[in-house]
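**Q** One structure, pasted below without further comment.
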Amino acid sequence: TTHYLHLQMGSVAVEEGQLVAMGDPVGRVGSSGRSSMPHLHLTLEDAEGSRIDPYAGVLSQPETWWCEQVAADGLPGPCGEAR
């Protein structure tokens, strides 16, 4: 399960439970609460509801779950093995 927080009001393009593919737009990043600029909070959970850290590094797992952002339009590039 993926949670996207602080999307722009009225911009959400999907419904709860809908499956989306890499590159599908889900909404526009917005700014709400006491934030000073648009930003996104992203949370990933496994089937049991445990949070997953998608970043690789010393404080996380050795492999990243992110795709490269290489395309001029900002869409993710190749990921290799699907997760």
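Ligands are numbered from 1 in the order shown, residues from 1 within each chain, and chains are lettered A, B, ... in the order they appear in the structure tokens.
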List the spatial neighbours of Val26 (chain A) as a ChimeraX atom specification - criterion: any atom at most 6 Å away, only C-alpha atoms, same-chain residues fewer than 6 positions off excluded.
**A** /A:12-14
**Q** Keeping only all heavy atoms, write those residues as an mmCIF file, in the first residue's frame.
**A**
```
data_model
loop_
_atom_site.group_PDB
_atom_site.id
_atom_site.type_symbol
_atom_site.label_atom_id
_atom_site.label_comp_id
_atom_site.auth_asym_id
_atom_site.auth_seq_id
_atom_site.Cartn_x
_atom_site.Cartn_y
_atom_site.Cartn_z
ATOM 1 N N VAL A 12 -6.376 14.742 -7.283
ATOM 2 C CA VAL A 12 -6.198 13.294 -7.170
ATOM 3 C C VAL A 12 -6.876 12.608 -8.355
ATOM 4 O O VAL A 12 -8.061 12.808 -8.615
ATOM 5 C CB VAL A 12 -6.738 12.770 -5.830
ATOM 6 C CG1 VAL A 12 -6.626 11.256 -5.757
ATOM 7 C CG2 VAL A 12 -5.996 13.415 -4.675
ATOM 8 N N ALA A 13 -6.098 11.796 -9.090
ATOM 9 C CA ALA A 13 -6.572 11.181 -10.328
ATOM 10 C C ALA A 13 -6.879 9.697 -10.179
ATOM 11 O O ALA A 13 -7.179 9.039 -11.172
ATOM 12 C CB ALA A 13 -5.519 11.389 -11.424
ATOM 13 N N VAL A 14 -6.783 9.157 -8.969
ATOM 14 C CA VAL A 14 -7.036 7.737 -8.730
ATOM 15 C C VAL A 14 -7.971 7.585 -7.537
ATOM 16 O O VAL A 14 -8.207 8.530 -6.798
ATOM 17 C CB VAL A 14 -5.721 6.964 -8.465
ATOM 18 C CG1 VAL A 14 -4.821 6.987 -9.691
ATOM 19 C CG2 VAL A 14 -4.991 7.516 -7.264
#
```
**Q** List as a ChimeraX atom specification the protein and nucleic acid residues near Leu42 (chain A), meaning an atom at most 8 Å away when only C-alpha atoms are counted, but skip any in the same chain fewer than 3 places from it.
**A** /A:2-5
**Q** Go ahead and save the picked residues with all heavy atoms, as a tab-separated table (two decimals), in the first residue's frame.
**A**
```tsv
chain	number	residue	atom	x	y	z
A	2	THR	N	0.49	2.22	-0.75
A	2	THR	CA	1.23	3.47	-0.82
A	2	THR	C	0.32	4.61	-0.39
A	2	THR	O	-0.82	4.68	-0.81
A	2	THR	CB	1.72	3.73	-2.26
A	2	THR	OG1	2.41	2.58	-2.74
A	2	THR	CG2	2.65	4.92	-2.31
A	3	HIS	N	0.83	5.49	0.46
A	3	HIS	CA	0.09	6.67	0.91
A	3	HIS	C	0.82	7.90	0.39
A	3	HIS	O	2.02	8.05	0.61
A	3	HIS	CB	0.03	6.73	2.44
A	3	HIS	CG	-0.59	5.54	3.07
A	3	HIS	ND1	-1.91	5.48	3.41
A	3	HIS	CD2	-0.06	4.34	3.40
A	3	HIS	CE1	-2.17	4.30	3.95
A	3	HIS	NE2	-1.05	3.59	3.95
A	4	TYR	N	0.10	8.76	-0.31
A	4	TYR	CA	0.63	10.04	-0.78
A	4	TYR	C	-0.09	11.14	-0.02
A	4	TYR	O	-1.31	11.24	-0.10
A	4	TYR	CB	0.38	10.22	-2.28
A	4	TYR	CG	1.04	9.18	-3.15
A	4	TYR	CD1	0.37	8.01	-3.50
A	4	TYR	CD2	2.33	9.36	-3.61
A	4	TYR	CE1	0.97	7.06	-4.31
A	4	TYR	CE2	2.94	8.42	-4.42
A	4	TYR	CZ	2.25	7.26	-4.76
A	4	TYR	OH	2.85	6.34	-5.56
A	5	LEU	N	0.65	11.97	0.70
A	5	LEU	CA	0.05	13.02	1.50
A	5	LEU	C	0.45	14.39	0.99
A	5	LEU	O	1.56	14.58	0.51
A	5	LEU	CB	0.46	12.85	2.96
A	5	LEU	CG	0.12	11.47	3.52
A	5	LEU	CD1	1.05	11.08	4.62
A	5	LEU	CD2	-1.32	11.44	3.97
```
**Q** For Thr1 (chain A), please output as an NGL selection string all residues within 10 Å (counting only C-alpha atoms; exclusion window: fewer than 3 positions along the same chain).
**A** :A and (16-17 or 19 or 43-52)
**Q** Can I get the selected residues back with N, CA and C atoms, as a PDB file, in the first residue's frame?
**A**
```
ATOM      1  N   GLU A  16      -9.050   5.034  -4.057  1.00  0.00           N
ATOM      2  CA  GLU A  16      -8.492   4.080  -3.104  1.00  0.00           C
ATOM      3  C   GLU A  16      -8.676   2.663  -3.627  1.00  0.00           C
ATOM      4  N   GLY A  17      -7.607   1.887  -3.578  1.00  0.00           N
ATOM      5  CA  GLY A  17      -7.633   0.501  -4.028  1.00  0.00           C
ATOM      6  C   GLY A  17      -7.312   0.313  -5.497  1.00  0.00           C
ATOM      7  N   LEU A  19      -5.219   0.020  -8.818  1.00  0.00           N
ATOM      8  CA  LEU A  19      -3.843  -0.314  -9.167  1.00  0.00           C
ATOM      9  C   LEU A  19      -3.334   0.696 -10.186  1.00  0.00           C
ATOM     10  N   THR A  43       4.454   7.147   2.061  1.00  0.00           N
ATOM     11  CA  THR A  43       4.606   6.014   2.973  1.00  0.00           C
ATOM     12  C   THR A  43       4.275   4.742   2.209  1.00  0.00           C
ATOM     13  N   LEU A  44       5.118   3.731   2.344  1.00  0.00           N
ATOM     14  CA  LEU A  44       4.878   2.418   1.743  1.00  0.00           C
ATOM     15  C   LEU A  44       4.664   1.405   2.855  1.00  0.00           C
ATOM     16  N   GLU A  45       3.720   0.484   2.661  1.00  0.00           N
ATOM     17  CA  GLU A  45       3.464  -0.586   3.633  1.00  0.00           C
ATOM     18  C   GLU A  45       3.392  -1.916   2.904  1.00  0.00           C
ATOM     19  N   ASP A  46       3.881  -2.976   3.572  1.00  0.00           N
ATOM     20  CA  ASP A  46       3.756  -4.319   3.004  1.00  0.00           C
ATOM     21  C   ASP A  46       2.365  -4.874   3.307  1.00  0.00           C
ATOM     22  N   ALA A  47       2.097  -6.119   2.901  1.00  0.00           N
ATOM     23  CA  ALA A  47       0.777  -6.733   3.063  1.00  0.00           C
ATOM     24  C   ALA A  47       0.346  -6.845   4.522  1.00  0.00           C
ATOM     25  N   GLU A  48       1.301  -6.884   5.451  1.00  0.00           N
ATOM     26  CA  GLU A  48       0.978  -6.988   6.874  1.00  0.00           C
ATOM     27  C   GLU A  48       0.823  -5.610   7.534  1.00  0.00           C
ATOM     28  N   GLY A  49       1.039  -4.538   6.776  1.00  0.00           N
ATOM     29  CA  GLY A  49       0.900  -3.193   7.320  1.00  0.00           C
ATOM     30  C   GLY A  49       2.175  -2.620   7.902  1.00  0.00           C
ATOM     31  N   SER A  50       3.297  -3.326   7.752  1.00  0.00           N
ATOM     32  CA  SER A  50       4.584  -2.803   8.231  1.00  0.00           C
ATOM     33  C   SER A  50       5.119  -1.792   7.227  1.00  0.00           C
ATOM     34  N   ARG A  51       5.670  -0.696   7.729  1.00  0.00           N
ATOM     35  CA  ARG A  51       6.227   0.327   6.846  1.00  0.00           C
ATOM     36  C   ARG A  51       7.501  -0.169   6.181  1.00  0.00           C
ATOM     37  N   ILE A  52       7.679   0.242   4.942  1.00  0.00           N
ATOM     38  CA  ILE A  52       8.844  -0.121   4.137  1.00  0.00           C
ATOM     39  C   ILE A  52       9.603   1.165   3.810  1.00  0.00           C
TER      40      ILE A  52
END
```
**Q** Residues at most 9 Å from Arg28 (chain A), counting only C-alpha atoms, excluding those fewer than 4 positions away in the same chain, as number ranges by chain?
**A** A: 6-13
